[in-house]
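Shown next: structure-v3.cif, given as mmCIF, C-alpha atoms.
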data_upload
#
loop_
_atom_site.label_atom_id
_atom_site.label_comp_id
_atom_site.auth_asym_id
_atom_site.auth_seq_id
_atom_site.Cartn_x
_atom_site.Cartn_y
_atom_site.Cartn_z
CA MET A 329 -12.41 30.78 97.39
CA THR A 330 -10.32 27.78 96.39
CA VAL A 331 -7.20 29.36 97.88
CA ALA A 332 -9.14 30.02 101.10
CA ALA A 333 -10.43 26.45 101.23
CA GLY A 334 -6.93 25.10 100.62
CA THR A 335 -5.54 27.28 103.37
CA VAL A 336 -8.19 26.06 105.83
CA SER A 337 -7.50 22.43 104.91
CA LEU A 338 -3.84 22.84 105.80
CA VAL A 339 -4.21 24.99 108.88
CA LYS A 340 -6.95 22.83 110.39
CA GLY A 341 -5.56 19.56 109.13
CA TYR A 342 -8.65 18.54 107.16
CA GLU A 343 -7.38 15.90 104.73
CA TRP A 344 -10.84 15.48 103.18
CA LEU A 345 -10.96 19.18 102.38
CA ARG A 346 -7.52 18.99 100.81
CA LYS A 347 -8.77 16.19 98.55
CA VAL A 348 -11.86 18.21 97.63
CA CYS A 349 -9.60 21.17 96.76
CA LEU A 350 -7.35 18.93 94.66
CA VAL A 351 -10.29 17.52 92.71
CA GLY A 352 -11.62 21.06 92.28
CA GLY A 353 -8.17 22.11 91.12
CA VAL A 354 -8.07 19.45 88.40
CA VAL A 355 -11.58 20.12 87.15
CA LEU A 356 -11.82 23.90 87.49
CA LEU A 357 -8.28 25.30 87.38
CA GLY A 358 -7.02 22.57 85.08
CA PHE A 359 -9.49 21.38 82.49
CA TRP A 360 -12.06 24.18 82.65
CA PHE A 361 -10.21 27.46 83.04
CA HIS A 362 -6.65 26.34 82.14
CA SER A 363 -5.50 28.79 84.78
CA GLN A 364 -2.96 26.93 86.86
CA ILE A 365 0.09 28.86 88.01
CA SER A 366 3.11 28.20 85.84
CA MET A 367 6.64 29.42 85.43
CA ILE A 368 5.44 31.62 82.57
CA ASN A 369 3.22 33.53 85.00
CA LEU A 370 6.00 33.97 87.53
CA ALA A 371 8.56 34.91 84.88
CA ASN A 372 6.22 37.55 83.48
CA VAL A 373 5.70 38.93 86.98
CA ALA A 374 9.47 39.02 87.45
CA ALA A 375 9.85 40.78 84.09
CA LEU A 376 7.02 43.20 85.06
CA GLN A 377 4.95 42.14 82.07
CA LEU A 378 1.54 42.01 83.68
CA PRO A 379 -1.81 41.61 81.91
CA THR A 380 -4.55 44.18 82.48
CA VAL A 381 -6.31 43.76 85.80
CA HIS A 382 -9.92 44.13 84.66
CA GLN A 383 -9.57 41.49 81.92
CA ASN A 384 -7.53 39.03 83.99
CA LEU A 385 -8.95 39.40 87.45
CA SER A 386 -9.06 35.65 88.16
CA TRP A 387 -5.37 35.40 87.19
CA PHE A 388 -4.47 38.10 89.70
CA VAL A 389 -6.64 36.60 92.42
CA LEU A 390 -5.16 33.12 91.98
CA LEU A 391 -1.54 34.24 91.74
CA GLY A 392 -1.92 36.90 94.43
CA GLY A 393 -3.77 34.48 96.70
CA ALA A 394 -1.16 31.77 96.22
CA ILE A 395 1.70 34.16 96.98
CA LEU A 396 -0.09 35.63 99.98
CA ALA A 397 -0.96 32.18 101.31
CA SER A 398 2.66 31.09 100.83
CA ILE A 399 3.82 33.95 102.99
CA ILE A 400 1.17 33.68 105.70
CA VAL A 401 0.63 29.92 105.94
CA GLY A 402 2.94 28.03 103.62
CA ASN A 403 2.84 26.59 100.13
CA VAL A 404 -0.93 26.15 99.99
CA TYR A 405 -1.12 26.16 96.20
CA CYS A 406 1.15 23.15 95.65
CA ALA A 407 -0.35 21.16 98.48
CA THR A 408 -4.01 21.71 97.81
CA LEU A 409 -4.75 23.41 94.50
CA CYS A 410 -2.23 22.56 91.79
CA PRO A 411 -4.15 20.58 89.15
CA PHE A 412 -1.09 18.82 87.81
CA GLY A 413 -0.01 17.83 91.32
CA ALA A 414 -3.50 16.53 91.96
CA LEU A 415 -3.44 14.50 88.76
CA GLN A 416 -0.16 12.92 89.81
CA GLU A 417 -1.54 12.12 93.27
CA LEU A 418 -4.56 10.48 91.70
CA LEU A 419 -2.37 8.27 89.50
CA TYR A 420 -0.16 7.41 92.45
CA ARG A 421 -3.13 6.19 94.46
CA ILE A 422 -4.65 4.15 91.64
CA VAL A 423 -1.70 1.82 91.06
CA PRO A 424 -0.39 0.03 94.18
CA VAL A 425 3.23 -0.25 93.02
CA ARG A 426 5.95 1.83 94.65
CA LEU A 427 9.57 2.53 93.84
CA ALA A 428 11.73 2.45 96.95
CA ILE A 429 14.46 5.03 96.58
CA GLY A 430 16.79 6.14 99.33
CA ARG A 431 16.63 9.47 101.06
CA GLN A 432 20.06 10.42 99.76
CA VAL A 433 19.07 9.82 96.15
CA HIS A 434 15.87 11.75 96.72
CA GLU A 435 17.65 14.72 98.26
CA ARG A 436 20.22 14.86 95.48
CA SER A 437 17.57 14.61 92.80
CA ARG A 438 15.64 17.50 94.30
CA LEU A 439 18.52 19.77 93.36
CA ILE A 440 17.55 19.32 89.71
CA LYS A 441 14.49 21.52 90.03
CA GLU A 442 16.47 24.21 91.80
CA ILE A 443 19.05 24.24 89.02
CA ILE A 444 16.50 24.16 86.19
CA THR A 445 14.36 26.85 87.80
CA TRP A 446 17.14 29.36 88.35
CA GLU A 447 18.66 28.70 84.93
CA ILE A 448 15.29 29.35 83.32
CA ILE A 449 14.59 32.46 85.40
CA LEU A 450 18.05 33.79 84.60
CA GLY A 451 17.52 33.06 80.91
CA VAL A 452 14.14 34.82 80.89
CA LEU A 453 15.47 37.88 82.67
CA LEU A 454 18.66 38.14 80.62
CA VAL A 455 17.31 37.21 77.19
CA GLY A 456 13.75 38.43 77.82
CA LYS A 457 12.18 35.29 76.37
CA GLY A 458 9.12 33.96 78.15
CA THR A 459 9.07 31.01 75.77
CA LEU A 460 11.92 29.42 77.73
CA CYS A 461 9.35 28.49 80.38
CA ARG A 462 7.35 26.40 77.98
CA TYR A 463 8.83 23.12 79.07
CA GLU A 464 6.14 22.65 81.70
CA PRO A 465 3.56 19.96 80.95
CA PHE A 466 0.53 21.85 82.32
CA ASP A 467 -0.75 23.33 79.08
CA THR A 468 -0.14 20.11 77.21
CA VAL A 469 -2.31 18.14 79.61
CA PHE A 470 -5.11 20.57 80.40
CA ALA A 471 -5.34 22.59 77.20
CA GLN A 472 -4.10 19.79 74.90
CA HIS A 473 -1.62 22.26 73.50
CA GLY A 474 1.84 20.98 72.69
CA ASP A 475 4.04 19.26 70.16
CA ILE A 476 5.40 15.72 70.15
CA LEU A 477 8.17 16.53 72.65
CA ASN A 478 5.71 18.08 75.09
CA TRP A 479 3.52 15.00 74.89
CA MET A 480 6.53 12.74 75.38
CA LEU A 481 7.33 14.69 78.54
CA VAL A 482 3.74 14.34 79.76
CA VAL A 483 3.77 10.58 79.22
CA LEU A 484 7.13 10.25 80.94
CA VAL A 485 6.17 12.39 83.93
CA LEU A 486 2.70 10.96 84.49
CA GLY A 487 4.04 7.45 83.92
CA SER A 488 6.67 8.05 86.58
CA ALA A 489 4.14 9.62 88.93
CA VAL A 490 2.34 6.29 89.06
CA PHE A 491 5.26 4.84 91.03
CA ILE A 492 6.88 7.93 92.51
CA TYR A 493 4.81 10.33 94.58
CA ARG A 494 4.37 13.65 92.72
CA PHE A 495 7.33 13.01 90.46
CA TRP A 496 7.16 16.40 88.70
CA CYS A 497 6.52 18.39 91.88
CA ARG A 498 9.39 16.83 93.74
CA TYR A 499 12.11 16.94 91.13
CA PHE A 500 11.21 19.40 88.36
CA CYS A 501 8.55 21.96 89.30
CA GLY A 502 9.81 25.53 89.36
CA VAL A 503 6.55 26.93 90.71
CA GLY A 504 7.05 24.99 93.94
CA VAL A 505 10.61 26.26 94.21
CA ILE A 506 9.57 29.89 93.84
CA LEU A 507 6.48 29.73 96.05
CA GLY A 508 8.55 27.92 98.67
CA LEU A 509 11.16 30.63 98.48
CA ILE A 510 8.56 33.36 98.81
CA GLY A 511 7.17 31.58 101.87
CA ARG A 512 10.52 31.85 103.61
CA VAL A 513 9.75 35.50 104.20
CA ASN A 514 7.62 34.37 107.12
CA PRO A 515 9.54 32.24 109.64
CA ARG A 516 6.27 31.32 111.41
CA ARG A 517 4.65 29.62 108.44
CA ILE A 518 3.61 25.99 108.76
CA ARG A 519 6.64 23.79 108.32
CA GLY A 520 6.81 20.14 107.53
CA GLU A 521 7.88 17.70 104.95
CA CYS A 522 5.18 15.10 104.82
CA ALA A 523 2.72 14.96 101.96
CA PHE A 524 0.02 16.41 104.09
CA CYS A 525 2.03 19.34 105.34
CA PHE A 526 3.91 19.28 102.08
CA ILE A 527 4.71 22.85 102.66
CA GLU A 528 8.35 23.15 103.54
CA THR A 529 9.73 21.53 100.45
CA GLY A 530 6.72 21.80 98.25
CA ALA A 531 7.52 18.29 97.30
CA GLY A 532 6.43 15.75 99.82
CA PRO A 533 8.56 14.07 102.36
CA HIS A 534 10.10 10.81 101.27
CA GLY A 535 12.01 10.12 104.40
CA CYS A 536 11.10 13.17 106.43
CA LYS A 537 12.23 13.02 110.00
CA THR A 538 9.84 15.38 111.64
CA CYS A 539 6.33 16.38 110.87
CA PRO A 540 4.22 18.65 113.06
CA ARG A 541 1.07 16.74 112.16
CA GLY A 542 2.19 13.33 113.24
CA PRO A 543 4.37 10.43 112.15
CA ARG A 544 5.43 9.96 108.61
CA ARG A 545 3.24 7.81 106.42
CA GLU A 546 5.31 6.08 103.78
CA ASP A 547 2.53 5.64 101.25
CA ARG A 548 2.04 9.37 101.09
CA CYS A 549 5.66 10.36 100.85
CA MET B 969 1.10 -2.87 97.88
CA LEU B 970 4.10 -3.89 95.78
CA THR B 971 7.36 -2.08 96.47
CA LEU B 972 10.21 -2.43 94.00
CA ARG B 973 13.55 -2.35 95.79
CA GLY B 974 16.23 -4.11 93.73
CA PRO B 975 16.36 -2.15 90.49
CA ALA B 976 14.51 0.84 91.97
CA ARG B 977 17.50 3.14 92.03
CA GLN B 978 18.46 2.39 88.42
CA VAL B 979 14.89 2.83 87.23
CA PHE B 980 14.56 6.07 89.16
CA THR B 981 17.84 7.42 87.79
CA ALA B 982 16.78 6.53 84.25
CA LEU B 983 13.47 8.37 84.70
CA ILE B 984 15.16 11.43 86.18
CA VAL B 985 17.81 11.56 83.43
CA ALA B 986 15.28 11.04 80.65
CA THR B 987 12.99 13.77 81.99
CA THR B 988 15.88 16.19 82.46
CA LEU B 989 17.17 15.59 78.94
CA LEU B 990 13.70 16.05 77.50
CA ILE B 991 13.29 19.35 79.34
CA ILE B 992 16.69 20.53 78.07
CA VAL B 993 15.72 19.65 74.50
CA ILE B 994 12.34 21.43 74.81
CA VAL B 995 13.92 24.55 76.32
CA GLY B 996 16.65 24.46 73.67
CA ILE B 997 14.09 24.36 70.88
CA GLU B 998 11.95 27.07 72.51
CA SER B 999 14.98 29.34 72.71
CA PHE B 1000 14.94 29.52 68.89
CA VAL B 1001 11.23 30.44 68.67
CA PRO B 1002 10.77 34.17 67.98
CA GLU B 1003 9.13 35.98 70.89
CA GLU B 1004 6.21 37.36 68.86
CA GLU B 1005 5.13 33.87 67.85
CA GLY B 1006 5.71 32.04 71.04
CA SER B 1007 5.06 34.32 73.98
CA PRO B 1008 1.74 33.81 75.73
CA LEU B 1009 2.02 37.35 77.04
CA PRO B 1010 3.64 39.50 74.34
CA ASP B 1011 5.28 42.79 75.14
CA ILE B 1012 2.45 45.31 74.96
CA ARG B 1013 4.81 48.06 73.77
CA LYS B 1014 5.78 46.02 70.70
CA VAL B 1015 2.13 45.24 69.96
CA ARG B 1016 1.15 48.90 70.29
CA ALA B 1017 4.02 49.96 68.04
CA ARG B 1018 2.92 47.43 65.42
CA ILE B 1019 -0.68 48.64 65.56
CA GLU B 1020 0.34 52.28 65.27
CA GLY B 1021 2.77 51.44 62.49
CA ALA B 1022 0.00 49.82 60.49
CA GLY B 1023 -2.31 52.80 61.07
CA LEU B 1024 -5.04 50.61 62.57
CA GLU B 1025 -7.41 50.97 65.47
CA PRO B 1026 -6.72 48.39 68.23
CA HIS B 1027 -9.87 46.36 67.52
CA GLU B 1028 -9.04 46.24 63.81
CA ALA B 1029 -5.52 45.03 64.54
CA LEU B 1030 -6.81 42.27 66.76
CA TYR B 1031 -9.33 41.23 64.10
CA TYR B 1032 -6.74 41.00 61.34
CA GLU B 1033 -4.26 39.16 63.55
CA VAL B 1034 -6.84 36.53 64.48
CA ILE B 1035 -7.83 36.00 60.85
CA GLU B 1036 -4.19 35.76 59.79
CA GLY B 1037 -3.47 33.33 62.60
CA GLU B 1038 -6.29 31.05 61.53
CA GLU B 1039 -5.22 31.05 57.91
#

Could you take the file, read its structure, and then write that structure out as structure tokens?
Amino acid sequence: MTVAAGTVSLVKGYEWLRKVCLVGGVVLLGFWFHSQISMINLANVAALQLPTVHQNLSWFVLLGGAILASIIVGNVYCATLCPFGALQELLYRIVPVRLAIGRQVHERSRLIKEIITWEIILGVLLVGKGTLCRYEPFDTVFAQHGDILNWMLVVLVLGSAVFIYRFWCRYFCGVGVILGLIGRVNPRRIRGECAFCFIETGAGPHGCKTCPRGPRREDRC
Amino acid sequence: MLTLRGPARQVFTALIVATTLLIIVIVGIESFVPEEEGSPLPDIRKVRARIEGAGLEPHEALYYEVIEGEE
């Protein structure tokens, strides 16, 4: 249902519905069920280590729905459902201080997540160790499960997200990279780089030139 | 709305570098964690082999593993 609502919010352009989905994502997917999509999920799928369907139906529905929505519409999960992305957006809107970075710096920095993601995927497939994906801060925040280094990463990332829109999503999130890549299967998916469309890069626009839903809005990029 | 422009690039670079280094350290440490202890989704074949090796029924194996884990 949440995937469907997120898809509608993007296709129809309902910003209020996107916000409702994000809040729902934080509360339900994040703090309640701890069932956000992470690199561990995607790595296990890649390694064909799947849990049983009847005991993990919600996991299959969420992951399957997110992948299907990525192909048909675009990166719906990152834009409307990801609890950690929503948490970062919330922090960004609370504090009215911004860090003005150039487009060139932004574009270069985005390469970091591509490099990290493919290194990790390669490591998981070659070495067969799912634990390599445990650098993500999701579990630490929502399940309060992590050591001192994990908590340091959480503080650093959420602290940065106060000034930089979706800091983790834009520069470090492997889930966005993979869902974005899956979405490229369909050339007719929704494209765009602004925070609302969000879909093309999975990372928000900072300096996007074109957006099918209207002019760029700096405070959302 | 306050926008920091002067030192913004240096601050941003510092944040990016610090986060990247922290991720590298975390991944480096995780690479030394044995799979049985650390994997959230252990290889079912290994688990089955361990259960059969111990001569236990599946529910007994789960029970003993939980108790051991808590201790």

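Taking all atoms listed in the file into account, chain A lies nearest to B:Ile994 out of the set B:Pro975, B:Ile994, B:Phe1000, B:Val985.
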
Per-residue nearest contacts of chain A to chain B (10 Å; all atoms listed in the file) as a Markdown table:
| residue | atom | partner | partner_atom | distance |
| --- | --- | --- | --- | --- |
| A:Ile368 | CA | B:Pro1008 | CA | 8.1 |
| A:Asn369 | CA | B:Leu1009 | CA | 8.9 |
| A:Asn372 | CA | B:Leu1009 | CA | 7.7 |
| A:Gln377 | CA | B:Asp1011 | CA | 7.0 |
| A:Leu378 | CA | B:Leu1009 | CA | 8.1 |
| A:Pro379 | CA | B:Leu1009 | CA | 7.5 |
| A:Val423 | CA | B:Met969 | CA | 8.7 |
| A:Pro424 | CA | B:Met969 | CA | 4.9 |
| A:Val425 | CA | B:Leu970 | CA | 4.7 |
| A:Arg426 | CA | B:Thr971 | CA | 4.5 |
| A:Leu427 | CA | B:Leu972 | CA | 5.0 |
| A:Ala428 | CA | B:Arg973 | CA | 5.3 |
| A:Ile429 | CA | B:Arg977 | CA | 5.8 |
| A:Gly430 | CA | B:Arg977 | CA | 7.9 |
| A:Val433 | CA | B:Arg977 | CA | 8.0 |
| A:His434 | CA | B:Phe980 | CA | 9.5 |
| A:Ser437 | CA | B:Ile984 | CA | 7.7 |
| A:Ile440 | CA | B:Thr988 | CA | 8.1 |
| A:Lys441 | CA | B:Thr988 | CA | 9.4 |
| A:Ile444 | CA | B:Thr988 | CA | 8.8 |
| A:Ile448 | CA | B:Val995 | CA | 8.6 |
| A:Gly451 | CA | B:Ser999 | CA | 9.4 |
| A:Val452 | CA | B:Ser999 | CA | 9.9 |
| A:Val455 | CA | B:Ser999 | CA | 9.4 |
| A:Gly456 | CA | B:Glu1003 | CA | 8.7 |
| A:Lys457 | CA | B:Glu1003 | CA | 6.3 |
| A:Gly458 | CA | B:Ser1007 | CA | 5.8 |
| A:Thr459 | CA | B:Ser1007 | CA | 5.5 |
| A:Leu460 | CA | B:Val995 | CA | 5.5 |
| A:Cys461 | CA | B:Val995 | CA | 7.3 |
| A:Arg462 | CA | B:Val995 | CA | 7.0 |
| A:Tyr463 | CA | B:Ile994 | CA | 5.8 |
| A:Glu464 | CA | B:Ile991 | CA | 8.2 |
| A:Pro465 | CA | B:Ile991 | CA | 9.9 |
| A:Asp475 | CA | B:Ile994 | CA | 9.8 |
| A:Leu477 | CA | B:Ile994 | CA | 6.8 |
| A:Asn478 | CA | B:Ile994 | CA | 7.4 |
| A:Met480 | CA | B:Leu990 | CA | 8.2 |
| A:Leu481 | CA | B:Leu990 | CA | 6.6 |
| A:Val482 | CA | B:Thr987 | CA | 9.5 |
| A:Leu484 | CA | B:Thr987 | CA | 6.9 |
| A:Val485 | CA | B:Thr987 | CA | 7.2 |
| A:Gly487 | CA | B:Leu983 | CA | 9.5 |
| A:Ser488 | CA | B:Leu983 | CA | 7.1 |
| A:Phe491 | CA | B:Thr971 | CA | 9.0 |
| A:Ile492 | CA | B:Phe980 | CA | 8.6 |
| A:Phe495 | CA | B:Ile984 | CA | 9.1 |
| A:Trp496 | CA | B:Thr987 | CA | 9.3 |
| A:Tyr499 | CA | B:Ile984 | CA | 8.0 |
| A:Phe500 | CA | B:Thr988 | CA | 8.2 |
| A:Asp547 | CA | B:Met969 | CA | 9.3 |

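Distances from A:Ile395, A:Ala371, A:Leu419, A:Val469 to Trp446 (chain A) were compared using all atoms listed in the file, and the smallest one belongs to A:Ala371.
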
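Remark: for Tyr405 (chain A), the closest of the candidate residues A:Leu507, A:Val381, A:Leu486, A:Val373 is A:Leu507 (distances computed over only C-alpha atoms).
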
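Atom pair CA of Ile400 (chain A) / CA of Ala333 (chain A) has a distance of 14.4 Å (rounded to one decimal).
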
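Note that the spacing between CA of Asp467 (chain A) and CA of Gln416 (chain A) amounts to 15.0 Å.
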
Given 5 Å of margin on each side, can you work out the centre and size in Å (one decimal) of an axis-aligned box holding every listed atom of region 364-376 of chain A, as lines of an AutoDock Vina configuration file?
center_x = 3.4
center_y = 35.1
center_z = 85.3
size_x = 22.8
size_y = 26.3
size_z = 15.4
